[in-house]
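Colleague: See query_39.cif below, with mmCIF, C-alpha atoms and all ligand atoms.
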data_my_file
#
loop_
_atom_site.label_atom_id
_atom_site.label_comp_id
_atom_site.auth_asym_id
_atom_site.auth_seq_id
_atom_site.Cartn_x
_atom_site.Cartn_y
_atom_site.Cartn_z
CA MET A 22 -58.57 -37.94 -3.57
CA LYS A 23 -59.61 -35.14 -1.29
CA ARG A 24 -60.50 -35.92 2.28
CA LYS A 25 -64.14 -35.97 3.15
CA ILE A 26 -65.62 -32.68 4.23
CA ARG A 27 -68.70 -34.02 5.96
CA VAL A 28 -66.87 -34.75 9.19
CA ASP A 29 -66.32 -31.08 9.82
CA PHE A 30 -70.02 -30.50 10.43
CA ARG A 31 -69.85 -32.71 13.47
CA LYS A 32 -68.32 -30.16 15.73
CA ASN A 33 -69.91 -31.26 18.96
CA ARG A 34 -69.32 -34.90 18.56
CA SER A 35 -68.10 -36.71 21.62
CA LYS A 36 -67.02 -40.24 22.20
CA PRO A 37 -69.79 -42.46 20.92
CA ALA A 38 -71.72 -44.13 23.67
CA ARG A 39 -70.74 -47.75 23.74
CA ASP A 40 -72.97 -50.27 25.40
CA LYS A 41 -73.69 -53.92 25.20
CA THR A 42 -75.50 -53.68 21.90
CA TRP A 43 -72.46 -54.45 19.82
CA THR A 44 -73.06 -55.88 16.43
CA ARG A 45 -72.49 -59.51 15.77
CA GLY A 46 -69.28 -58.67 13.95
CA PHE A 47 -67.78 -57.20 17.07
CA GLU A 48 -68.70 -60.15 19.21
CA GLU A 49 -67.50 -62.65 16.71
CA HIS A 50 -64.22 -60.88 16.36
CA LYS A 51 -63.80 -60.32 20.07
CA PHE A 52 -63.39 -56.60 19.88
CA GLU A 53 -62.95 -54.93 23.20
CA ASN A 54 -65.88 -53.02 24.60
CA ASP A 55 -63.93 -49.88 25.16
CA ALA A 56 -60.91 -49.17 23.07
CA SER A 57 -59.69 -46.31 25.21
CA ASP A 58 -58.06 -48.74 27.61
CA HIS A 59 -56.12 -50.31 24.82
CA GLY A 60 -54.08 -47.52 23.34
CA GLU A 61 -56.60 -46.79 20.62
CA ARG A 62 -55.26 -44.84 17.74
CA VAL A 63 -58.50 -43.66 16.32
CA ARG A 64 -59.54 -41.00 18.72
CA THR A 65 -62.55 -38.83 18.96
CA LYS A 66 -62.24 -35.23 18.06
CA GLY A 67 -62.49 -33.75 21.53
CA GLU A 68 -59.33 -35.44 22.68
CA LEU A 69 -57.56 -34.32 19.59
CA SER A 70 -58.59 -30.77 18.97
CA ARG A 71 -55.55 -29.35 20.71
CA LYS A 72 -53.13 -31.31 18.57
CA ARG A 73 -54.92 -30.76 15.36
CA THR A 74 -54.29 -27.05 15.24
CA ILE A 75 -51.04 -27.94 13.50
CA VAL A 76 -51.15 -27.01 9.82
CA GLN A 77 -52.20 -30.07 7.93
CA ASP A 78 -50.61 -31.19 4.71
CA PRO A 79 -52.97 -33.59 2.98
CA SER A 80 -50.13 -35.21 1.08
CA GLN A 81 -48.84 -37.03 4.11
CA LEU A 82 -49.49 -40.65 4.50
CA THR A 83 -50.04 -41.05 8.18
CA THR A 84 -49.68 -37.83 10.07
CA GLU A 85 -49.86 -34.10 10.06
CA SER A 86 -46.77 -33.35 12.08
CA THR A 87 -43.61 -32.64 10.14
CA THR A 88 -40.37 -30.95 10.82
CA ALA A 89 -40.97 -29.19 14.08
CA GLY A 90 -40.88 -25.45 14.54
CA GLU A 91 -39.70 -22.73 12.25
CA LEU A 92 -36.95 -23.19 9.77
CA PRO A 93 -33.76 -21.41 10.70
CA SER A 94 -32.45 -19.25 7.90
CA VAL A 95 -29.26 -20.30 6.19
CA ASP A 96 -26.60 -18.52 4.26
CA THR A 97 -27.22 -20.02 0.85
CA ASP A 98 -23.82 -18.84 -0.40
CA ALA A 99 -21.99 -20.95 2.16
CA CYS A 100 -24.39 -23.89 2.12
CA PHE A 101 -25.33 -26.59 -0.37
CA PRO A 102 -28.75 -28.08 -1.07
CA GLY A 103 -29.07 -31.84 -0.93
CA ARG A 104 -31.16 -34.85 -0.03
CA VAL A 105 -30.81 -37.17 2.95
CA LEU A 106 -30.19 -40.73 1.76
CA ARG A 107 -29.88 -42.54 5.05
CA VAL A 108 -29.95 -41.76 8.75
CA HIS A 109 -27.80 -43.38 11.43
CA GLY A 110 -29.04 -41.95 14.69
CA LEU A 111 -27.99 -38.33 14.73
CA TYR A 112 -25.64 -38.81 11.81
CA SER A 113 -26.86 -38.91 8.23
CA ILE A 114 -25.62 -39.21 4.70
CA VAL A 115 -26.62 -36.41 2.37
CA GLU A 116 -26.28 -36.36 -1.38
CA THR A 117 -25.70 -32.79 -2.48
CA ASP A 118 -27.36 -31.62 -5.68
CA ASN A 119 -23.89 -31.21 -7.18
CA GLY A 120 -23.28 -34.93 -6.74
CA TYR A 121 -21.29 -35.58 -3.56
CA HIS A 122 -22.05 -37.74 -0.57
CA VAL A 123 -21.43 -35.95 2.69
CA GLY A 124 -21.55 -37.39 6.21
CA CYS A 125 -23.52 -34.89 8.30
CA SER A 126 -24.37 -34.20 11.88
CA VAL A 127 -27.34 -32.01 12.69
CA ARG A 128 -27.09 -28.42 13.83
CA ARG A 129 -27.90 -28.17 17.51
CA LEU A 130 -30.71 -25.68 16.95
CA LEU A 131 -32.57 -28.18 14.78
CA LYS A 132 -32.30 -30.80 17.46
CA THR A 133 -33.89 -28.53 20.03
CA LEU A 134 -36.70 -27.64 17.64
CA ALA A 135 -37.53 -31.27 16.99
CA THR A 136 -40.05 -33.07 19.14
CA ASP A 137 -38.32 -36.40 18.87
CA ALA A 138 -34.55 -35.98 19.03
CA ARG A 139 -33.93 -39.41 17.62
CA HIS A 140 -35.61 -38.53 14.36
CA VAL A 141 -34.71 -34.97 13.58
CA VAL A 142 -34.04 -35.84 9.97
CA ALA A 143 -35.44 -38.65 7.85
CA ALA A 144 -34.40 -40.28 4.60
CA GLY A 145 -35.73 -38.20 1.74
CA ASP A 146 -35.50 -34.88 3.57
CA ARG A 147 -34.42 -31.90 1.50
CA VAL A 148 -31.71 -30.10 3.46
CA TRP A 149 -29.09 -27.38 3.30
CA ILE A 150 -25.68 -28.42 4.55
CA ARG A 151 -22.48 -26.61 5.46
CA LEU A 152 -19.18 -28.35 4.84
CA ALA A 153 -16.77 -28.80 7.74
CA GLU A 154 -14.30 -25.97 8.33
CA GLY A 155 -11.77 -25.81 5.51
CA ALA A 156 -13.40 -28.50 3.35
CA LYS A 157 -14.19 -27.75 -0.28
CA PHE A 158 -15.70 -29.64 -3.17
CA PRO A 159 -13.21 -29.99 -6.02
CA GLU A 160 -13.58 -27.43 -8.78
CA THR A 161 -14.68 -29.15 -11.93
CA THR A 162 -16.70 -28.35 -14.97
CA GLU A 163 -17.67 -32.00 -15.46
CA PRO A 164 -20.94 -33.07 -13.84
CA VAL A 165 -20.27 -35.32 -10.85
CA VAL A 166 -22.36 -38.47 -10.58
CA ALA A 167 -22.72 -39.81 -7.07
CA PRO A 168 -22.97 -43.57 -6.54
CA ALA A 169 -26.48 -45.02 -6.44
CA ARG A 170 -26.19 -45.98 -2.80
CA ALA A 171 -24.47 -44.29 0.09
CA SER A 172 -21.45 -46.19 1.39
CA ASN A 173 -20.26 -46.62 4.95
CA PRO A 174 -20.45 -43.18 6.60
CA SER A 175 -16.96 -43.41 8.04
CA GLU A 176 -15.53 -43.83 4.54
CA LEU A 177 -16.97 -40.59 3.24
CA PRO A 178 -14.32 -38.01 2.37
CA PHE A 179 -16.64 -35.06 3.04
CA GLN A 180 -18.13 -34.14 6.38
CA GLY A 181 -20.58 -31.40 7.22
CA VAL A 182 -23.52 -30.16 9.22
CA ILE A 183 -27.20 -30.04 8.29
CA GLU A 184 -28.18 -26.41 8.78
CA ARG A 185 -31.76 -26.51 7.65
CA ILE A 186 -34.48 -29.05 6.87
CA GLN A 187 -37.10 -28.02 4.33
CA ALA A 188 -40.78 -28.55 5.10
CA ARG A 189 -41.85 -32.07 4.26
CA HIS A 190 -44.58 -33.43 2.06
CA GLY A 191 -45.49 -37.01 1.19
CA VAL A 192 -44.40 -38.64 4.42
CA LEU A 193 -44.39 -42.34 5.09
CA GLY A 194 -44.51 -42.87 8.81
CA ARG A 195 -45.81 -45.00 11.59
CA SER A 196 -46.43 -44.48 15.22
CA VAL A 197 -44.16 -46.07 17.75
CA ARG A 198 -45.66 -46.06 21.25
CA GLY A 199 -47.91 -43.19 20.29
CA ARG A 200 -45.19 -41.05 18.73
CA GLU A 201 -44.78 -40.44 15.10
CA HIS A 202 -41.75 -41.91 13.41
CA VAL A 203 -41.08 -40.63 9.90
CA LEU A 204 -39.67 -43.39 7.73
CA VAL A 205 -39.25 -41.50 4.46
CA ALA A 206 -40.15 -37.94 3.49
CA ASN A 207 -41.00 -36.20 0.24
CA LEU A 208 -42.41 -39.20 -1.56
CA ASP A 209 -44.46 -39.08 -4.74
CA GLN A 210 -45.92 -42.54 -4.26
CA VAL A 211 -45.88 -45.62 -2.07
CA PHE A 212 -46.12 -49.16 -3.42
CA PHE A 213 -47.74 -51.37 -0.88
CA VAL A 214 -46.30 -54.82 -1.46
CA VAL A 215 -48.14 -57.95 -0.38
CA SER A 216 -47.49 -61.54 -1.35
CA VAL A 217 -50.11 -64.08 -2.33
CA VAL A 218 -48.39 -66.66 -0.14
CA GLU A 219 -45.31 -66.83 2.10
CA PRO A 220 -46.27 -64.78 4.02
CA GLU A 221 -50.01 -65.28 3.66
CA LEU A 222 -51.93 -62.35 2.27
CA LYS A 223 -53.57 -60.24 4.95
CA VAL A 224 -56.56 -58.47 3.47
CA HIS A 225 -57.01 -56.23 6.51
CA LEU A 226 -53.51 -54.90 6.11
CA VAL A 227 -54.35 -53.84 2.56
CA ASP A 228 -57.51 -52.08 3.77
CA ARG A 229 -55.48 -50.27 6.38
CA TYR A 230 -53.06 -49.15 3.73
CA LEU A 231 -55.85 -48.08 1.38
CA ALA A 232 -57.35 -45.93 4.13
CA ALA A 233 -53.96 -44.36 4.80
CA ALA A 234 -53.47 -43.64 1.10
CA GLN A 235 -56.94 -42.15 0.85
CA ARG A 236 -56.23 -39.89 3.79
CA SER A 237 -52.93 -38.72 2.43
CA GLY A 238 -53.83 -38.24 -1.20
CA PHE A 239 -51.19 -40.73 -2.27
CA PRO A 240 -52.33 -42.84 -5.19
CA ALA A 241 -53.42 -46.27 -3.97
CA ILE A 242 -51.09 -48.82 -5.52
CA VAL A 243 -50.96 -52.43 -4.42
CA CYS A 244 -48.27 -54.73 -5.68
CA LEU A 245 -49.28 -58.37 -5.39
CA ASN A 246 -46.03 -60.32 -5.49
CA LYS A 247 -44.99 -64.01 -5.69
CA ILE A 248 -47.61 -64.61 -8.35
CA ASP A 249 -45.44 -67.54 -9.49
CA LEU A 250 -46.37 -69.40 -6.31
CA ALA A 251 -50.17 -69.23 -6.64
CA GLU A 252 -53.02 -70.26 -8.89
CA ALA A 253 -54.83 -67.35 -10.51
CA GLY A 254 -58.09 -68.56 -8.96
CA ASN A 255 -56.68 -67.82 -5.52
CA TYR A 256 -56.31 -64.11 -6.01
CA GLN A 257 -58.49 -63.04 -8.96
CA ARG A 258 -61.53 -62.15 -6.87
CA LEU A 259 -59.47 -60.11 -4.47
CA VAL A 260 -57.82 -58.21 -7.27
CA GLY A 261 -61.23 -57.56 -8.84
CA GLY A 262 -62.48 -56.21 -5.50
CA TRP A 263 -59.54 -53.85 -5.16
CA GLU A 264 -59.90 -52.62 -8.71
CA ARG A 265 -63.56 -51.82 -8.08
CA LEU A 266 -62.35 -49.60 -5.25
CA GLY A 267 -60.18 -47.70 -7.73
CA VAL A 268 -56.93 -49.27 -6.59
CA GLU A 269 -54.13 -49.79 -9.07
CA VAL A 270 -53.06 -53.41 -8.73
CA ILE A 271 -49.82 -54.71 -10.17
CA LEU A 272 -49.26 -58.44 -10.31
CA THR A 273 -45.57 -59.20 -9.96
CA SER A 274 -43.05 -61.93 -9.54
CA ALA A 275 -39.48 -61.10 -8.71
CA ARG A 276 -38.70 -64.66 -9.76
CA THR A 277 -40.22 -64.70 -13.26
CA ASN A 278 -40.02 -60.92 -13.84
CA LEU A 279 -43.76 -60.68 -14.34
CA GLY A 280 -44.87 -57.05 -14.02
CA ILE A 281 -41.33 -55.72 -13.61
CA SER A 282 -41.35 -53.56 -16.74
CA ARG A 283 -44.64 -52.02 -15.64
CA LEU A 284 -43.14 -51.26 -12.23
CA LYS A 285 -40.12 -49.73 -13.96
CA ASN A 286 -42.35 -47.38 -15.93
CA LEU A 287 -44.28 -46.36 -12.84
CA ILE A 288 -41.24 -45.47 -10.76
CA HIS A 289 -39.41 -43.67 -13.56
CA GLY A 290 -38.52 -40.10 -12.56
CA LYS A 291 -40.44 -40.28 -9.28
CA ILE A 292 -39.57 -40.73 -5.62
CA SER A 293 -41.20 -43.95 -4.52
CA ALA A 294 -41.21 -46.13 -1.44
CA PHE A 295 -41.79 -49.85 -1.24
CA SER A 296 -43.55 -50.79 1.91
CA GLY A 297 -45.19 -53.88 3.35
CA GLN A 298 -44.66 -56.81 5.66
CA SER A 299 -41.30 -58.46 6.03
CA GLY A 300 -40.61 -61.20 3.51
CA VAL A 301 -43.11 -60.14 0.84
CA GLY A 302 -40.28 -59.37 -1.57
CA LYS A 303 -39.75 -55.60 -1.57
CA SER A 304 -35.97 -55.84 -1.92
CA SER A 305 -36.29 -58.67 -4.45
CA LEU A 306 -38.55 -56.51 -6.63
CA LEU A 307 -36.11 -53.61 -6.53
CA ASN A 308 -33.26 -55.95 -7.46
CA ALA A 309 -35.36 -57.20 -10.38
CA ILE A 310 -35.95 -53.63 -11.53
CA GLU A 311 -32.26 -52.76 -11.32
CA PRO A 312 -30.01 -55.80 -10.84
CA ASP A 313 -26.94 -53.71 -9.95
CA LEU A 314 -28.57 -52.60 -6.71
CA GLY A 315 -27.68 -55.88 -5.01
CA LEU A 316 -30.03 -55.31 -2.08
CA ARG A 317 -29.88 -57.96 0.57
CA VAL A 318 -32.68 -60.45 0.25
CA ARG A 319 -33.74 -62.97 2.83
CA GLU A 320 -32.46 -66.48 2.19
CA VAL A 321 -35.09 -69.19 2.03
CA SER A 322 -33.56 -70.79 5.12
CA GLU A 323 -34.03 -67.55 7.06
CA VAL A 324 -37.68 -67.16 6.22
CA ASN A 325 -38.79 -68.84 9.43
CA ALA A 326 -36.68 -66.56 11.58
CA LYS A 327 -39.63 -64.41 12.50
CA GLY A 328 -39.59 -60.84 13.69
CA LYS A 329 -36.40 -59.86 11.94
CA HIS A 330 -36.29 -57.71 8.87
CA THR A 331 -33.68 -58.34 6.27
CA THR A 332 -33.75 -54.70 5.33
CA THR A 333 -33.03 -52.70 8.44
CA THR A 334 -32.59 -49.13 7.27
CA ASN A 335 -34.73 -46.70 5.40
CA GLU A 336 -32.59 -45.76 2.51
CA LEU A 337 -33.11 -43.70 -0.58
CA ILE A 338 -31.50 -45.23 -3.67
CA ARG A 339 -30.98 -43.43 -6.96
CA LEU A 340 -32.05 -45.36 -10.03
CA LYS A 341 -30.02 -45.33 -13.19
CA GLY A 342 -33.21 -44.97 -15.15
CA GLY A 343 -34.07 -41.76 -13.24
CA GLY A 344 -35.94 -41.43 -9.98
CA TRP A 345 -35.43 -42.64 -6.44
CA VAL A 346 -36.70 -45.57 -4.44
CA ALA A 347 -36.76 -46.20 -0.74
CA ASP A 348 -36.38 -49.79 0.36
CA THR A 349 -37.99 -49.74 3.76
CA PRO A 350 -37.99 -52.42 6.41
CA GLY A 351 -41.31 -54.26 6.45
CA VAL A 352 -43.89 -52.16 8.19
CA ARG A 353 -46.06 -54.31 10.40
CA GLN A 354 -48.97 -51.99 10.08
CA PHE A 355 -49.94 -48.66 8.75
CA ASP A 356 -51.18 -46.58 11.56
CA ILE A 357 -53.81 -44.19 10.57
CA TRP A 358 -52.25 -41.80 12.95
CA GLN A 359 -54.75 -39.96 15.07
CA THR A 360 -57.56 -40.33 12.62
CA ARG A 361 -60.82 -39.19 14.11
CA ALA A 362 -63.51 -41.80 14.34
CA ALA A 363 -65.78 -39.60 12.24
CA GLU A 364 -63.10 -39.22 9.62
CA LEU A 365 -62.52 -42.93 9.24
CA GLU A 366 -65.74 -43.68 7.35
CA GLY A 367 -64.64 -41.19 4.69
CA LEU A 368 -61.49 -43.22 4.12
CA PHE A 369 -63.56 -46.21 3.05
CA ALA A 370 -64.63 -45.14 -0.41
CA ASP A 371 -67.16 -47.98 -0.72
CA PHE A 372 -69.04 -46.74 2.39
CA CYS A 373 -69.60 -43.28 0.97
CA PRO A 374 -72.87 -43.88 -0.92
CA PHE A 375 -74.48 -45.18 2.30
CA VAL A 376 -73.07 -42.97 5.05
CA SER A 377 -75.50 -40.12 4.43
CA LEU A 378 -78.46 -42.54 4.57
CA CYS A 379 -77.86 -43.58 8.19
CA ALA A 380 -80.64 -42.48 10.56
CA PHE A 381 -78.24 -40.75 12.93
CA PRO A 382 -75.95 -38.10 11.47
CA ASP A 383 -73.18 -39.14 13.86
CA CYS A 384 -73.63 -42.84 13.21
CA THR A 385 -70.43 -44.81 13.82
CA HIS A 386 -71.93 -47.80 11.97
CA THR A 387 -71.35 -50.05 14.93
CA HIS A 388 -74.38 -50.33 17.21
CA GLU A 389 -76.79 -47.65 15.97
CA GLY A 390 -80.24 -48.48 14.69
CA ARG A 391 -81.19 -47.93 11.05
CA CYS A 392 -77.57 -47.83 9.95
CA ALA A 393 -77.34 -47.81 6.17
CA VAL A 394 -73.74 -48.99 6.17
CA ARG A 395 -74.57 -52.14 8.12
CA GLY A 396 -77.62 -52.55 5.91
CA ALA A 397 -75.35 -52.46 2.89
CA VAL A 398 -73.09 -55.07 4.47
CA ASP A 399 -76.10 -57.33 5.02
CA ARG A 400 -77.13 -56.90 1.40
CA ARG A 401 -73.55 -57.56 0.31
CA LEU A 402 -73.19 -54.13 -1.29
CA ILE A 403 -70.22 -53.60 1.03
CA HIS A 404 -67.93 -56.57 1.45
CA ALA A 405 -68.02 -57.96 4.99
CA SER A 406 -64.23 -58.04 5.20
CA ARG A 407 -64.08 -54.33 4.39
CA TYR A 408 -66.55 -53.66 7.18
CA HIS A 409 -64.48 -55.71 9.61
CA SER A 410 -61.37 -53.79 8.58
CA TYR A 411 -63.27 -50.60 9.38
CA LEU A 412 -64.24 -51.92 12.80
CA GLY A 413 -60.67 -52.99 13.42
CA LEU A 414 -59.34 -49.53 12.62
CA LEU A 415 -62.04 -47.91 14.70
CA GLN A 416 -60.86 -49.96 17.63
CA GLY A 417 -57.19 -49.33 16.98
CA ARG A 418 -56.80 -53.01 16.52
CA GLU A 419 -53.93 -54.54 14.57
N1 LIG A 501 -41.22 -67.44 -5.42
C1 LIG A 501 -40.95 -66.14 -5.21
N2 LIG A 501 -40.18 -65.78 -4.17
C2 LIG A 501 -39.93 -64.47 -3.96
C3 LIG A 501 -40.48 -63.46 -4.82
N3 LIG A 501 -40.06 -62.26 -4.36
C4 LIG A 501 -39.29 -62.51 -3.27
N4 LIG A 501 -39.20 -63.84 -3.03
C5 LIG A 501 -38.49 -64.49 -1.92
O1 LIG A 501 -39.05 -64.05 -0.69
C6 LIG A 501 -38.06 -63.91 0.32
C7 LIG A 501 -38.12 -62.53 0.94
O2 LIG A 501 -37.75 -61.54 -0.01
P1 LIG A 501 -37.15 -60.10 0.39
O3 LIG A 501 -36.97 -59.35 -0.89
O4 LIG A 501 -35.98 -60.22 1.29
O5 LIG A 501 -38.39 -59.49 1.23
P2 LIG A 501 -38.52 -58.02 1.86
O6 LIG A 501 -39.92 -57.60 1.62
O7 LIG A 501 -37.46 -57.12 1.35
O8 LIG A 501 -38.32 -58.31 3.43
P3 LIG A 501 -37.72 -57.35 4.57
O9 LIG A 501 -36.47 -56.73 4.06
O10 LIG A 501 -37.49 -58.30 5.71
O11 LIG A 501 -38.78 -56.36 4.90
C8 LIG A 501 -36.73 -64.23 -0.39
O12 LIG A 501 -36.38 -65.56 -0.11
C9 LIG A 501 -37.04 -64.05 -1.86
O13 LIG A 501 -36.22 -64.86 -2.68
C10 LIG A 501 -41.30 -63.90 -5.91
O14 LIG A 501 -41.84 -63.10 -6.69
N5 LIG A 501 -41.52 -65.24 -6.06
MG MG A 502 -35.94 -56.07 2.24
ZN ZN A 503 -74.37 -46.03 10.04
#
Represent the supplied structure as structure tokens.
Modeller:
Amino acid sequence: MKRKIRVDFRKNRSKPARDKTWTRGFEEHKFENDASDHGERVRTKGELSRKRTIVQDPSQLTTESTTAGELPSVDTDACFPGRVLRVHGLYSIVETDNGYHVGCSVRRLLKTLATDARHVVAAGDRVWIRLAEGAKFPETTEPVVAPARASNPSELPFQGVIERIQARHGVLGRSVRGREHVLVANLDQVFFVVSVVEPELKVHLVDRYLAAAQRSGFPAIVCLNKIDLAEAGNYQRLVGGWERLGVEVILTSARTNLGISRLKNLIHGKISAFSGQSGVGKSSLLNAIEPDLGLRVREVSEVNAKGKHTTTTNELIRLKGGGWVADTPGVRQFDIWQTRAAELEGLFADFCPFVSLCAFPDCTHTHEGRCAVRGAVDRRLIHASRYHSYLGLLQGRE
């Protein structure tokens, strides 16, 4: 899933002229006339060119920025490699490759290199740590097996300092007030969990995720949960539509265990994240995969308490069957962080056959005449809801 090349030919593109000739879809959906006043996230290239000189790693889900600056060198004889399981502000829990959990602060130099001091390290980061003065791991010839989940940081017998953070790939992030916030790093795949009901399925959220996956090179996997609560007729057409887009769809129920063995096979030996709105059942699915995990799940009585996630940390959990999973708090939306308007069309795979047929090479498929994409929408070759998702993303709309 390589990113589209065509956008690079549009070097001199500027903000598309926007006038009153909006399409019906815009008017019907009350899109704003000019997104720039509304914190738009999809920006034109001119505004972005300065930022985009950063080396881009296509395997990242939402952004190109990673660990800031150069990596300080470390004395590998005195340091231990490990993986960050959980972050509590500037303090994190690292599992060393030799099997110990260590509570770690971050070396001052790394903090100054980072652009956002609150998020110097993220769950999933590969790091080198130095143990506190005088501390030593016990000498043993037996392999040490760390617990699946990190316990309370203050109870950890080992303390240390993170000396170095390796470059990241496969980042799950979102933007918070225009700044990138890395949720989990070094992922192989992200399962986007939605529920058929409770909460109601939001098709636009799936499209947003699919665009983010397309941009990053992550495989597009949608997990449609709570199948036990719905009639097949209610979701079959949707699933068919996603499958035609090349999306892997897994029908699951944490209640009846439908699809759980398939999920188990897919996460085996990999580092995966479960993401999606609050209440869709991410923690429930992980508990169904490995009952010992005992992740906190929202009680039915709490379901109406809106705006609060049951899962509040991003945590990496080791699976007995091999592999890691991150149970992330529900992500309200996937920001396609700083995606150029011209790049966006390339993230909608179903638009591709038509894009090159538009009369204007820099067509944004909004108001331009002889637009093949809008023509395809009219002829139902592109689903109208996909087109509206595109418009929504173009406008930086939720
Ligand atoms: N009927 C049914 N209920 C489910 C299913 N999966 C989860 N639930 C219920 O949905 C509610 C929310 O589940 P959670 O696992 O806490 O959801 P979550 O996605 O982890 O939510 P956050 O941690 O807030 O992001 C709980 O009451 C679960 O019992 C399912 O497959 N079928
Ligand atoms: Mg949860
Ligand atoms: Zn067009």
Colleague: So for ligand LIG 501 (chain A), what box centre and size do we get, axis-aligned, 8 Å extra on each of the six sides, every listed atom, Å to one decimal, as JSON?
Modeller:
{"center_x": -38.9, "center_y": -61.9, "center_z": -0.5, "size_x": 21.9, "size_y": 27.1, "size_z": 28.4}
Colleague: Produce as a VMD selection string the set of residues near ligand MG 502 (chain A), where near means within 9 Å with only C-alpha atoms and all ligand atoms considered.
Modeller: chain A and resid 299 to 305 316 to 319 330 to 333 348 to 351
Colleague: At what distance in Å, to one decimal, does CA of Glu184 in chain A lie from CA of Cys100 in chain A?
Modeller: 8.1 Å
Colleague: Distance table requested - chain A against ligand ZN 503 (chain A), cut-off 9 Å, all atoms listed in the file: one row per qualifying residue with the closest atom pair and its distance in Å to one decimal, ordered by chain and rising residue number, as JSON lines.
Modeller:
{"residue": "A:Phe375", "atom": "CA", "partner": "A:ZN503", "partner_atom": "ZN", "distance": 7.8}
{"residue": "A:Val376", "atom": "CA", "partner": "A:ZN503", "partner_atom": "ZN", "distance": 6.0}
{"residue": "A:Ser377", "atom": "CA", "partner": "A:ZN503", "partner_atom": "ZN", "distance": 8.2}
{"residue": "A:Leu378", "atom": "CA", "partner": "A:ZN503", "partner_atom": "ZN", "distance": 7.7}
{"residue": "A:Cys379", "atom": "CA", "partner": "A:ZN503", "partner_atom": "ZN", "distance": 4.6}
{"residue": "A:Ala380", "atom": "CA", "partner": "A:ZN503", "partner_atom": "ZN", "distance": 7.2}
{"residue": "A:Phe381", "atom": "CA", "partner": "A:ZN503", "partner_atom": "ZN", "distance": 7.2}
{"residue": "A:Pro382", "atom": "CA", "partner": "A:ZN503", "partner_atom": "ZN", "distance": 8.2}
{"residue": "A:Asp383", "atom": "CA", "partner": "A:ZN503", "partner_atom": "ZN", "distance": 8.0}
{"residue": "A:Cys384", "atom": "CA", "partner": "A:ZN503", "partner_atom": "ZN", "distance": 4.6}
{"residue": "A:Thr385", "atom": "CA", "partner": "A:ZN503", "partner_atom": "ZN", "distance": 5.6}
{"residue": "A:His386", "atom": "CA", "partner": "A:ZN503", "partner_atom": "ZN", "distance": 3.6}
{"residue": "A:Thr387", "atom": "CA", "partner": "A:ZN503", "partner_atom": "ZN", "distance": 7.0}
{"residue": "A:His388", "atom": "CA", "partner": "A:ZN503", "partner_atom": "ZN", "distance": 8.4}
{"residue": "A:Glu389", "atom": "CA", "partner": "A:ZN503", "partner_atom": "ZN", "distance": 6.6}
{"residue": "A:Gly390", "atom": "CA", "partner": "A:ZN503", "partner_atom": "ZN", "distance": 7.9}
{"residue": "A:Arg391", "atom": "CA", "partner": "A:ZN503", "partner_atom": "ZN", "distance": 7.2}
{"residue": "A:Cys392", "atom": "CA", "partner": "A:ZN503", "partner_atom": "ZN", "distance": 3.7}
{"residue": "A:Ala393", "atom": "CA", "partner": "A:ZN503", "partner_atom": "ZN", "distance": 5.2}
{"residue": "A:Val394", "atom": "CA", "partner": "A:ZN503", "partner_atom": "ZN", "distance": 4.9}
{"residue": "A:Arg395", "atom": "CA", "partner": "A:ZN503", "partner_atom": "ZN", "distance": 6.4}
{"residue": "A:Gly396", "atom": "CA", "partner": "A:ZN503", "partner_atom": "ZN", "distance": 8.4}
Colleague: Hey, can you check how far CA of Gly367 in chain A sits from CA of Gly191 in chain A?
Modeller: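 If I compute the distance from CA of Gly367 in chain A to CA of Gly191 in chain A, I get 19.9 Å.
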Colleague: So that I can check the surroundings of range 218-221 of chain A, please list as a PyMOL selection string every protein, DNA and RNA residue that reaches within 9 Å of it, counting all atoms listed in the file and ignoring chain neighbours fewer than 2 positions away.
Modeller: chain A and resi 215-216+223+246-248+250-251+298-301+324
Colleague: Restricting it to C-alpha atoms, dump the selection as a PDB file, in the frame of the given file.
Modeller:
ATOM      1  CA  VAL A 215     -48.140 -57.950  -0.380  1.00  0.00           C
ATOM      2  CA  SER A 216     -47.490 -61.540  -1.350  1.00  0.00           C
ATOM      3  CA  LYS A 223     -53.570 -60.240   4.950  1.00  0.00           C
ATOM      4  CA  ASN A 246     -46.030 -60.320  -5.490  1.00  0.00           C
ATOM      5  CA  LYS A 247     -44.990 -64.010  -5.690  1.00  0.00           C
ATOM      6  CA  ILE A 248     -47.610 -64.610  -8.350  1.00  0.00           C
ATOM      7  CA  LEU A 250     -46.370 -69.400  -6.310  1.00  0.00           C
ATOM      8  CA  ALA A 251     -50.170 -69.230  -6.640  1.00  0.00           C
ATOM      9  CA  GLN A 298     -44.660 -56.810   5.660  1.00  0.00           C
ATOM     10  CA  SER A 299     -41.300 -58.460   6.030  1.00  0.00           C
ATOM     11  CA  GLY A 300     -40.610 -61.200   3.510  1.00  0.00           C
ATOM     12  CA  VAL A 301     -43.110 -60.140   0.840  1.00  0.00           C
ATOM     13  CA  VAL A 324     -37.680 -67.160   6.220  1.00  0.00           C
TER      14      VAL A 324
END
Colleague: Would you mind reading off the distance between atom O8 of ligand LIG 501 (chain A) and CA of Gly297 in chain A, one decimal, in Å?
Modeller: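 Interatomic distance, atom O8 of ligand LIG 501 (chain A) to CA of Gly297 in chain A: 8.2 Å.
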Colleague: Which one of A:Gly417, A:Gly262, A:Gly344, A:Gly120 sits closest to Ile403 in chain A if you count all atoms listed in the file?
Modeller: A:Gly262
Colleague: Would you list the contacts of range 280-291 of chain A as an MDAnalysis selection string, taking every protein, DNA or RNA residue within 6 Å and counting only C-alpha atoms, but skipping same-chain residues closer than 6 positions in sequence?
Modeller: chainID A and resid 272:273 343:344
